[in-house]
file target26.txt (compact mmCIF, C-alpha atoms and all ligand atoms)
# COMPACT_ATOMS: atom_id res chain seq x y z
CA MET R 1 96.39 140.13 157.49
CA VAL R 2 92.58 139.92 157.49
CA THR R 3 90.15 138.00 159.66
CA GLY R 4 87.94 135.91 157.40
CA ARG R 5 85.09 133.45 158.00
CA GLY R 6 87.55 130.57 158.43
CA GLY R 7 90.03 132.52 160.60
CA GLU R 8 93.14 134.64 159.91
CA LEU R 9 94.24 135.00 156.31
CA VAL R 10 97.50 136.43 155.01
CA LEU R 11 98.65 137.04 151.43
CA ARG R 12 102.44 137.03 151.37
CA ARG R 13 104.88 137.75 148.55
CA ASP R 14 107.99 135.57 148.18
CA GLY R 15 110.01 136.76 145.16
CA SER R 16 107.72 136.44 142.17
CA ALA R 17 105.35 134.04 143.98
CA PHE R 18 102.39 134.72 146.27
CA GLU R 19 101.46 132.56 149.25
CA VAL R 20 98.16 132.37 151.10
CA ILE R 21 98.50 131.49 154.79
CA ALA R 22 95.38 130.52 156.76
CA ASN R 23 95.53 130.49 160.54
CA GLY R 24 99.33 130.35 160.37
CA VAL R 25 99.28 127.28 158.07
CA PHE R 26 100.38 127.35 154.43
CA LEU R 27 97.26 127.00 152.25
CA MET R 28 98.25 127.72 148.65
CA ASP R 29 100.85 129.44 146.48
CA THR R 30 101.24 130.50 142.87
CA ARG R 31 104.35 128.37 142.15
CA ASN R 32 102.95 125.24 140.48
CA GLY R 33 99.22 124.54 140.18
CA GLU R 34 99.50 121.37 138.08
CA SER R 35 97.06 119.31 140.16
CA GLU R 36 94.69 122.29 140.63
CA ARG R 37 94.49 122.64 136.82
CA LEU R 38 94.12 118.90 136.29
CA LEU R 39 91.21 118.86 138.76
CA VAL R 40 89.22 120.84 136.19
CA THR R 41 90.69 119.70 132.87
CA GLY R 42 90.36 116.05 133.92
CA ALA R 43 86.64 116.63 134.53
CA ALA R 44 86.07 118.80 131.44
CA ASP R 45 87.82 116.27 129.17
CA ARG R 46 85.00 113.83 130.07
CA LEU R 47 82.26 116.36 129.07
CA THR R 48 80.97 117.97 125.89
CA PRO R 49 81.05 121.64 124.79
CA GLY R 50 78.89 124.09 126.75
CA ALA R 51 79.43 122.34 130.10
CA THR R 52 78.47 124.10 133.32
CA ILE R 53 81.21 123.82 135.94
CA LEU R 54 81.18 124.54 139.64
CA ILE R 55 84.53 125.32 141.27
CA GLY R 56 84.62 125.12 145.05
CA GLY R 57 87.39 127.30 146.42
CA LEU R 58 88.88 130.14 144.33
CA GLY R 59 92.36 130.08 145.93
CA VAL R 60 94.77 131.72 143.50
CA GLY R 61 92.61 130.96 140.46
CA PHE R 62 94.60 128.14 138.78
CA SER R 63 91.52 125.92 138.52
CA LEU R 64 89.37 128.79 137.24
CA ARG R 65 91.89 129.73 134.53
CA ALA R 66 92.10 126.09 133.44
CA ALA R 67 88.30 125.91 133.19
CA LEU R 68 88.06 129.06 131.05
CA ASP R 69 90.79 127.78 128.71
CA HIS R 70 89.07 124.42 128.17
CA PRO R 71 87.01 124.09 124.95
CA ASN R 72 84.22 122.13 126.68
CA VAL R 73 83.50 124.74 129.37
CA GLY R 74 80.54 127.04 128.75
CA SER R 75 80.14 128.69 132.15
CA VAL R 76 81.68 128.56 135.60
CA VAL R 77 80.29 129.24 139.06
CA VAL R 78 83.01 129.79 141.67
CA VAL R 79 82.01 129.52 145.33
CA GLU R 80 84.49 131.07 147.76
CA ARG R 81 83.74 131.93 151.38
CA GLU R 82 86.51 134.48 151.96
CA ALA R 83 85.77 138.00 150.74
CA ALA R 84 89.51 138.81 150.94
CA VAL R 85 90.41 135.96 148.59
CA ILE R 86 87.86 137.22 146.06
CA GLU R 87 89.18 140.76 146.39
CA TRP R 88 92.85 139.69 146.00
CA ASN R 89 91.84 137.89 142.79
CA ARG R 90 89.46 140.52 141.40
CA ASP R 91 91.39 143.73 141.97
CA GLY R 92 94.50 142.75 143.89
CA PRO R 93 97.88 141.12 143.30
CA LEU R 94 96.45 137.72 142.27
CA ARG R 95 94.62 139.17 139.26
CA SER R 96 97.70 138.82 137.04
CA VAL R 97 98.14 135.13 138.02
CA HIS R 98 95.09 134.17 135.93
CA GLY R 99 94.83 137.10 133.51
CA ASP R 100 91.81 138.71 135.18
CA ALA R 101 89.69 135.55 134.99
CA LEU R 102 86.99 136.99 137.27
CA ALA R 103 86.14 139.57 134.62
CA ASP R 104 85.29 136.86 132.08
CA PRO R 105 81.54 137.03 131.32
CA ARG R 106 81.27 133.23 131.65
CA VAL R 107 82.18 133.47 135.35
CA ARG R 108 79.83 133.96 138.32
CA VAL R 109 81.55 134.37 141.68
CA VAL R 110 79.50 133.57 144.77
CA GLU R 111 80.78 134.58 148.19
CA ALA R 112 79.41 131.80 150.40
CA ASP R 113 80.24 128.75 152.43
CA LEU R 114 80.25 125.96 149.85
CA VAL R 115 78.66 123.39 152.18
CA ALA R 116 75.62 125.57 152.91
CA TRP R 117 75.45 126.87 149.33
CA LEU R 118 75.37 123.36 147.85
CA ARG R 119 72.57 122.41 150.20
CA SER R 120 70.39 125.36 149.13
CA THR R 121 71.33 124.91 145.46
CA LEU R 122 70.26 121.27 145.60
CA SER R 123 66.86 122.34 146.96
CA ALA R 124 66.58 125.11 144.35
CA GLY R 125 67.10 122.56 141.56
CA GLU R 126 70.24 123.98 139.89
CA ARG R 127 72.48 121.23 138.41
CA PHE R 128 76.02 121.09 136.97
CA ASP R 129 77.99 119.01 134.51
CA ALA R 130 81.01 119.04 136.83
CA LEU R 131 81.69 119.82 140.47
CA CYS R 132 85.39 120.55 141.03
CA LEU R 133 86.11 120.76 144.74
CA ASP R 134 89.33 122.04 146.27
CA ILE R 135 88.48 123.68 149.58
CA ASP R 136 90.52 121.50 151.95
CA ASN R 137 93.83 119.72 152.30
CA GLY R 138 91.75 116.63 151.62
CA PRO R 139 88.65 114.64 152.65
CA GLU R 140 90.38 113.56 155.86
CA TRP R 141 92.13 116.87 156.55
CA THR R 142 89.61 119.69 156.30
CA VAL R 143 90.54 123.32 156.96
CA THR R 144 87.45 123.89 159.10
CA GLU R 145 85.24 121.40 160.90
CA GLY R 146 82.08 122.19 158.93
CA ASN R 147 83.75 121.24 155.64
CA ALA R 148 83.91 117.57 156.69
CA GLU R 149 80.19 117.21 155.91
CA LEU R 150 80.97 117.28 152.18
CA TYR R 151 82.95 114.05 152.24
CA GLY R 152 80.63 111.91 154.40
CA GLU R 153 77.96 109.57 153.05
CA SER R 154 75.17 112.14 152.87
CA GLY R 155 77.58 114.78 151.52
CA VAL R 156 78.65 112.47 148.67
CA ASP R 157 75.00 111.64 147.97
CA GLY R 158 74.15 115.35 147.78
CA LEU R 159 77.06 115.97 145.41
CA ALA R 160 75.90 113.12 143.15
CA ARG R 161 72.38 114.59 143.06
CA LEU R 162 73.76 118.01 142.04
CA LEU R 163 75.11 116.55 138.79
CA HIS R 164 73.35 116.28 135.45
CA PRO R 165 73.28 112.70 134.14
CA GLY R 166 76.82 111.86 132.97
CA GLY R 167 78.27 114.67 135.10
CA VAL R 168 81.61 114.43 136.87
CA LEU R 169 82.55 114.97 140.50
CA ALA R 170 86.23 115.93 140.87
CA VAL R 171 87.90 116.28 144.28
CA TRP R 172 91.41 117.46 145.19
CA SER R 173 93.52 116.21 148.09
CA ALA R 174 97.10 116.56 149.32
CA GLY R 175 97.18 112.81 149.98
CA ALA R 176 95.38 109.48 149.75
CA ALA R 177 92.06 108.91 151.57
CA PRO R 178 91.04 105.23 151.05
CA SER R 179 87.78 105.46 152.97
CA PHE R 180 86.66 108.38 150.79
CA THR R 181 87.44 106.29 147.69
CA GLU R 182 85.23 103.53 149.08
CA ARG R 183 82.43 106.01 149.82
CA LEU R 184 82.58 107.28 146.23
CA ARG R 185 82.56 103.70 144.89
CA ALA R 186 79.39 103.01 146.86
CA ARG R 187 77.60 105.94 145.15
CA PHE R 188 79.20 106.28 141.67
CA ALA R 189 79.61 103.62 138.96
CA ASP R 190 82.97 104.90 137.71
CA VAL R 191 85.59 106.21 140.16
CA ARG R 192 89.17 106.94 139.15
CA THR R 193 92.02 108.29 141.23
CA VAL R 194 95.00 110.10 139.77
CA ASP R 195 98.25 110.71 141.66
CA VAL R 196 100.05 113.93 140.74
CA PRO R 197 103.70 113.96 141.87
CA VAL R 198 104.83 117.06 143.77
CA PRO R 199 108.42 118.24 144.36
CA ARG R 200 108.46 117.00 147.97
CA GLY R 201 106.42 114.43 149.91
CA GLU R 202 103.25 112.52 149.11
CA PRO R 203 101.68 113.07 145.68
CA ASP R 204 98.51 115.12 145.37
CA VAL R 205 95.48 112.93 144.68
CA LEU R 206 92.48 113.63 142.45
CA TRP R 207 89.24 111.67 142.29
CA PHE R 208 87.01 111.70 139.20
CA ALA R 209 83.64 110.06 139.74
CA ARG R 210 80.59 109.70 137.52
CA SER R 211 77.38 107.69 137.73
C1 LIG L 301 93.52 125.46 148.23
S1 LIG L 301 92.52 126.81 147.86
C2 LIG L 301 91.86 126.45 146.27
C3 LIG L 301 92.88 126.48 145.19
C4 LIG L 301 92.30 126.57 143.81
N1 LIG L 301 91.94 125.24 143.32
C5 LIG L 301 93.28 127.22 142.85
O1 LIG L 301 93.38 126.76 141.72
O2 LIG L 301 93.93 128.19 143.22
C6 LIG L 301 91.11 126.55 148.89
C7 LIG L 301 90.09 127.67 148.82
O3 LIG L 301 88.87 127.20 149.36
C8 LIG L 301 88.32 128.23 150.18
N2 LIG L 301 87.41 127.56 151.13
C9 LIG L 301 87.70 126.79 152.20
N3 LIG L 301 86.58 126.33 152.79
C10 LIG L 301 85.53 126.82 152.06
C11 LIG L 301 84.12 126.69 152.16
N4 LIG L 301 83.54 125.97 153.13
N5 LIG L 301 83.36 127.32 151.24
C12 LIG L 301 83.92 128.05 150.24
N6 LIG L 301 85.26 128.21 150.10
C13 LIG L 301 86.06 127.60 150.98
C14 LIG L 301 89.52 128.89 150.81
O4 LIG L 301 89.21 130.19 151.29
C15 LIG L 301 90.50 128.89 149.63
O5 LIG L 301 90.36 130.04 148.85
call {"tool": "encode", "arguments": {"input": "target26.txt", "output": "C-alpha cells"}}
result
Amino acid sequence: MVTGRGGELVLRRDGSAFEVIANGVFLMDTRNGESERLLVTGAADRLTPGATILIGGLGVGFSLRAALDHPNVGSVVVVEREAAVIEWNRDGPLRSVHGDALADPRVRVVEADLVAWLRSTLSAGERFDALCLDIDNGPEWTVTEGNAELYGESGVDGLARLLHPGGVLAVWSAGAAPSFTERLRARFADVRTVDVPVPRGEPDVLWFARS
C-alpha cells in the first residue's frame, strides 16, 4: 500500500491478474482492457501517420500499448499523477503487461495532475492530434473532486482548444452520461458514442469528438 496524491493505492495480485485499488475501491485490473484499447485505436483510426497522442491516466498501460501498436501514432505523452503507478509500470510487476512500453523512445511520461497540466500546456501552446482521457469512472463519477473540472463547459472548451485542427477528443466512462454528450455536442461538430459490452453490468462508454 502507498499513499498517493489521490489517496491510498494498492497493487494486488489475483492469480495471473493484477488489480489496482484506490481508497478501497476497485480502479482497474489487467483482465480485459478492450474499451481502454478502443479509446486510443478509435481515435487513432481517425488520424493520419505521425499523430501526437496524449493519454490521460496510465493505469495498467493497456491504452499506451494500443497507441504504440497503432500505425498512425508517432509519439505519446502520458500524464499520470501517481508516482507509484508509474513505478509499477516502469520497473515493477505491470511492466510485462505492456511489454515495457514506457521504455519506448516515442513515449514521454509526465508525473502530474492532468487537470493542472492541461491548463499550463494550453497556455504554453502545445497541441495534440488526439486527447485520450481515462482518469475517472466517468464524467459524472470522478475519482477525485478536482477531476470534475475536465468535463464541465470550460473544461470541454479547453480540451477542444488543445487539439490540432481535425484532432480527436476521446473519453472513457464506465457508464452513460447524457449531459456530457450534450456538452460535447455544443462544442464539437461530430460526436459519436460507442458502447463496449462488459461481462457484468452496464457497458463501458466511449466518446469520440472532433470539430
Ligand atoms: C482507470 S486508470 C487508466 C487506465 C488506462 N486507460 C489503461 O489502459 O490501463 C486511471 C488512471 O488515471 C490516474 N489519474 C486519476 N486522476 C488523475 C489526474 N487528475 N491526473 C493524472 N492522472 C490521474 C490514476 O492514478 C490511474 O492510473
call {"tool": "axis_aligned_box", "arguments": {"input": "target26.txt", "around": "range 167-172 of chain R", "padding_each_side": "6 Å", "output": "AutoDock Vina command-line options"}}
result
--center_x 84.8 --center_y 115.9 --center_z 140.1 --size_x 25.1 --size_y 15.0 --size_z 22.1
call {"tool": "atom_distance", "arguments": {"input": "target26.txt", "atom1": "CA of Arg185 in chain R", "atom2": "CA of Thr41 in chain R"}}
result
21.6 Å
call {"tool": "residues_around", "arguments": {"input": "target26.txt", "residues": "Leu102 in chain R", "least_positions_apart": "6", "cutoff": "12 Å", "atoms": "only C-alpha atoms", "output": "ChimeraX atom specification"}}
result
/R:58,60-62,64-65,67-68,75-78,85-92,94-96,108-110
call {"tool": "closest_atom_pairs", "arguments": {"input": "target26.txt", "of": "chain R", "to": "ligand LIG 301 (chain L)", "cutoff": "7 Å", "atoms": "all atoms listed in the file", "output": "tab-separated table"}}
result
residue	atom	partner	partner_atom	distance
R:Leu27	CA	L:LIG301	C1	5.7
R:Met28	CA	L:LIG301	C1	5.3
R:Gly33	CA	L:LIG301	O1	6.4
R:Glu36	CA	L:LIG301	O1	4.8
R:Arg37	CA	L:LIG301	O1	6.5
R:Gly56	CA	L:LIG301	N6	6.0
R:Gly57	CA	L:LIG301	O3	3.3
R:Leu58	CA	L:LIG301	O5	4.8
R:Gly59	CA	L:LIG301	O5	3.5
R:Val60	CA	L:LIG301	O2	3.6
R:Gly61	CA	L:LIG301	O2	4.1
R:Phe62	CA	L:LIG301	O1	3.5
R:Ser63	CA	L:LIG301	O1	3.8
R:Leu64	CA	L:LIG301	O1	6.3
R:Val79	CA	L:LIG301	C12	5.5
R:Glu80	CA	L:LIG301	N6	3.8
R:Arg81	CA	L:LIG301	C12	4.0
R:Glu82	CA	L:LIG301	O4	5.1
R:Val85	CA	L:LIG301	O5	5.9
R:Ala112	CA	L:LIG301	C12	5.9
R:Asp113	CA	L:LIG301	N5	3.6
R:Leu114	CA	L:LIG301	N5	3.7
R:Val115	CA	L:LIG301	N4	5.6
R:Asp134	CA	L:LIG301	N1	5.1
R:Ile135	CA	L:LIG301	O3	3.5
R:Asp136	CA	L:LIG301	C6	5.9
R:Val143	CA	L:LIG301	N3	6.5
R:Thr144	CA	L:LIG301	N3	6.8
R:Asn147	CA	L:LIG301	N4	5.4
call {"tool": "closest_residue", "arguments": {"input": "target26.txt", "among": "R:Ala22, R:Val97, R:Leu184, R:Leu38", "to": "Ala66 in chain R", "atoms": "all atoms listed in the file"}}
result
R:Leu38
call {"tool": "residues_near_point", "arguments": {"input": "target26.txt", "point": "(105.1, 134.5, 145.1)", "cutoff": "12 Å", "atoms": "only C-alpha atoms", "output": "JSON, numbers by chain"}}
result
{"R": [11, 12, 13, 14, 15, 16, 17, 18, 19, 20, 28, 29, 30, 31, 32, 60, 93, 94, 96, 97]}
call {"tool": "residues_near_point", "arguments": {"input": "target26.txt", "point": "(78.4, 109.9, 142.1)", "cutoff": "12 Å", "atoms": "only C-alpha atoms", "output": "ChimeraX atom specification"}}
result
/R:129-131,151,153-171,181-192,207-211
call {"tool": "atom_distance", "arguments": {"input": "target26.txt", "atom1": "CA of Ala176 in chain R", "atom2": "CA of Val25 in chain R"}}
result
20.0 Å
call {"tool": "atom_distance", "arguments": {"input": "target26.txt", "atom1": "CA of Glu145 in chain R", "atom2": "CA of Ser179 in chain R"}}
result
18.0 Å
call {"tool": "closest_residue", "arguments": {"input": "target26.txt", "among": "R:Thr52, R:Ser123, R:Thr142, R:Asn137", "to": "Leu206 in chain R", "atoms": "all atoms listed in the file"}}
result
R:Asn137
call {"tool": "build_atoms", "arguments": {"input": "target26.txt", "residues": "range 118-129 of chain R", "atoms": "all heavy atoms", "output": "mmCIF file, keeping the file's coordinate frame"}}
result
data_model
loop_
_atom_site.group_PDB
_atom_site.id
_atom_site.type_symbol
_atom_site.label_atom_id
_atom_site.label_comp_id
_atom_site.auth_asym_id
_atom_site.auth_seq_id
_atom_site.Cartn_x
_atom_site.Cartn_y
_atom_site.Cartn_z
ATOM 1 N N LEU R 118 75.742 124.569 148.607
ATOM 2 C CA LEU R 118 75.370 123.360 147.850
ATOM 3 C C LEU R 118 74.024 122.829 148.326
ATOM 4 O O LEU R 118 73.199 122.396 147.525
ATOM 5 C CB LEU R 118 76.442 122.279 148.001
ATOM 6 C CG LEU R 118 77.763 122.542 147.265
ATOM 7 C CD1 LEU R 118 78.758 121.423 147.559
ATOM 8 C CD2 LEU R 118 77.554 122.663 145.756
ATOM 9 N N ARG R 119 73.823 122.904 149.642
ATOM 10 C CA ARG R 119 72.570 122.410 150.200
ATOM 11 C C ARG R 119 71.391 123.210 149.629
ATOM 12 O O ARG R 119 70.408 122.654 149.171
ATOM 13 C CB ARG R 119 72.618 122.531 151.724
ATOM 14 C CG ARG R 119 71.964 121.373 152.430
ATOM 15 C CD ARG R 119 71.977 121.546 153.944
ATOM 16 N NE ARG R 119 73.264 121.397 154.566
ATOM 17 C CZ ARG R 119 73.866 122.306 155.345
ATOM 18 N NH1 ARG R 119 73.296 123.463 155.589
ATOM 19 N NH2 ARG R 119 75.042 122.076 155.896
ATOM 20 N N SER R 120 71.519 124.558 149.626
ATOM 21 C CA SER R 120 70.390 125.360 149.130
ATOM 22 C C SER R 120 70.264 125.244 147.616
ATOM 23 O O SER R 120 69.157 125.289 147.075
ATOM 24 C CB SER R 120 70.504 126.819 149.581
ATOM 25 O OG SER R 120 71.698 127.352 149.128
ATOM 26 N N THR R 121 71.378 125.045 146.926
ATOM 27 C CA THR R 121 71.330 124.910 145.460
ATOM 28 C C THR R 121 70.655 123.603 145.065
ATOM 29 O O THR R 121 69.914 123.545 144.082
ATOM 30 C CB THR R 121 72.773 124.989 144.896
ATOM 31 O OG1 THR R 121 73.295 126.256 145.268
ATOM 32 C CG2 THR R 121 72.806 124.863 143.394
ATOM 33 N N LEU R 122 70.911 122.568 145.850
ATOM 34 C CA LEU R 122 70.260 121.270 145.600
ATOM 35 C C LEU R 122 68.745 121.434 145.715
ATOM 36 O O LEU R 122 67.994 120.999 144.848
ATOM 37 C CB LEU R 122 70.788 120.251 146.618
ATOM 38 C CG LEU R 122 70.372 118.796 146.449
ATOM 39 C CD1 LEU R 122 70.801 118.247 145.090
ATOM 40 C CD2 LEU R 122 70.988 117.944 147.560
ATOM 41 N N SER R 123 68.308 122.132 146.779
ATOM 42 C CA SER R 123 66.860 122.340 146.960
ATOM 43 C C SER R 123 66.293 123.215 145.853
ATOM 44 O O SER R 123 65.148 123.017 145.428
ATOM 45 C CB SER R 123 66.577 123.045 148.291
ATOM 46 O OG SER R 123 67.181 122.369 149.323
ATOM 47 N N ALA R 124 67.086 124.195 145.383
ATOM 48 C CA ALA R 124 66.580 125.110 144.350
ATOM 49 C C ALA R 124 66.529 124.452 142.975
ATOM 50 O O ALA R 124 65.922 124.984 142.048
ATOM 51 C CB ALA R 124 67.463 126.354 144.295
ATOM 52 N N GLY R 125 67.211 123.308 142.823
ATOM 53 C CA GLY R 125 67.100 122.560 141.560
ATOM 54 C C GLY R 125 68.185 122.861 140.533
ATOM 55 O O GLY R 125 68.140 122.314 139.431
ATOM 56 N N GLU R 126 69.166 123.715 140.858
ATOM 57 C CA GLU R 126 70.240 123.980 139.890
ATOM 58 C C GLU R 126 71.163 122.748 139.805
ATOM 59 O O GLU R 126 71.452 122.122 140.828
ATOM 60 C CB GLU R 126 71.054 125.222 140.329
ATOM 61 C CG GLU R 126 72.042 125.687 139.274
ATOM 62 C CD GLU R 126 72.750 126.990 139.659
ATOM 63 O OE1 GLU R 126 72.432 127.577 140.710
ATOM 64 O OE2 GLU R 126 73.654 127.395 138.891
ATOM 65 N N ARG R 127 71.616 122.396 138.592
ATOM 66 C CA ARG R 127 72.480 121.230 138.410
ATOM 67 C C ARG R 127 73.695 121.602 137.555
ATOM 68 O O ARG R 127 73.640 122.575 136.793
ATOM 69 C CB ARG R 127 71.712 120.085 137.731
ATOM 70 C CG ARG R 127 70.504 119.593 138.538
ATOM 71 C CD ARG R 127 70.913 118.892 139.837
ATOM 72 N NE ARG R 127 69.789 118.443 140.640
ATOM 73 C CZ ARG R 127 69.275 119.110 141.680
ATOM 74 N NH1 ARG R 127 69.759 120.302 142.024
ATOM 75 N NH2 ARG R 127 68.274 118.621 142.381
ATOM 76 N N PHE R 128 74.759 120.803 137.671
ATOM 77 C CA PHE R 128 76.020 121.090 136.970
ATOM 78 C C PHE R 128 76.500 119.861 136.207
ATOM 79 O O PHE R 128 76.152 118.731 136.540
ATOM 80 C CB PHE R 128 77.098 121.500 137.992
ATOM 81 C CG PHE R 128 76.748 122.750 138.736
ATOM 82 C CD1 PHE R 128 76.033 122.693 139.926
ATOM 83 C CD2 PHE R 128 77.097 123.999 138.235
ATOM 84 C CE1 PHE R 128 75.680 123.852 140.610
ATOM 85 C CE2 PHE R 128 76.750 125.157 138.904
ATOM 86 C CZ PHE R 128 76.040 125.089 140.097
ATOM 87 N N ASP R 129 77.360 120.127 135.220
ATOM 88 C CA ASP R 129 77.990 119.010 134.510
ATOM 89 C C ASP R 129 79.257 118.557 135.233
ATOM 90 O O ASP R 129 79.688 117.427 135.032
ATOM 91 C CB ASP R 129 78.333 119.436 133.075
ATOM 92 C CG ASP R 129 77.073 119.725 132.287
ATOM 93 O OD1 ASP R 129 76.201 118.844 132.244
ATOM 94 O OD2 ASP R 129 76.942 120.842 131.740
#
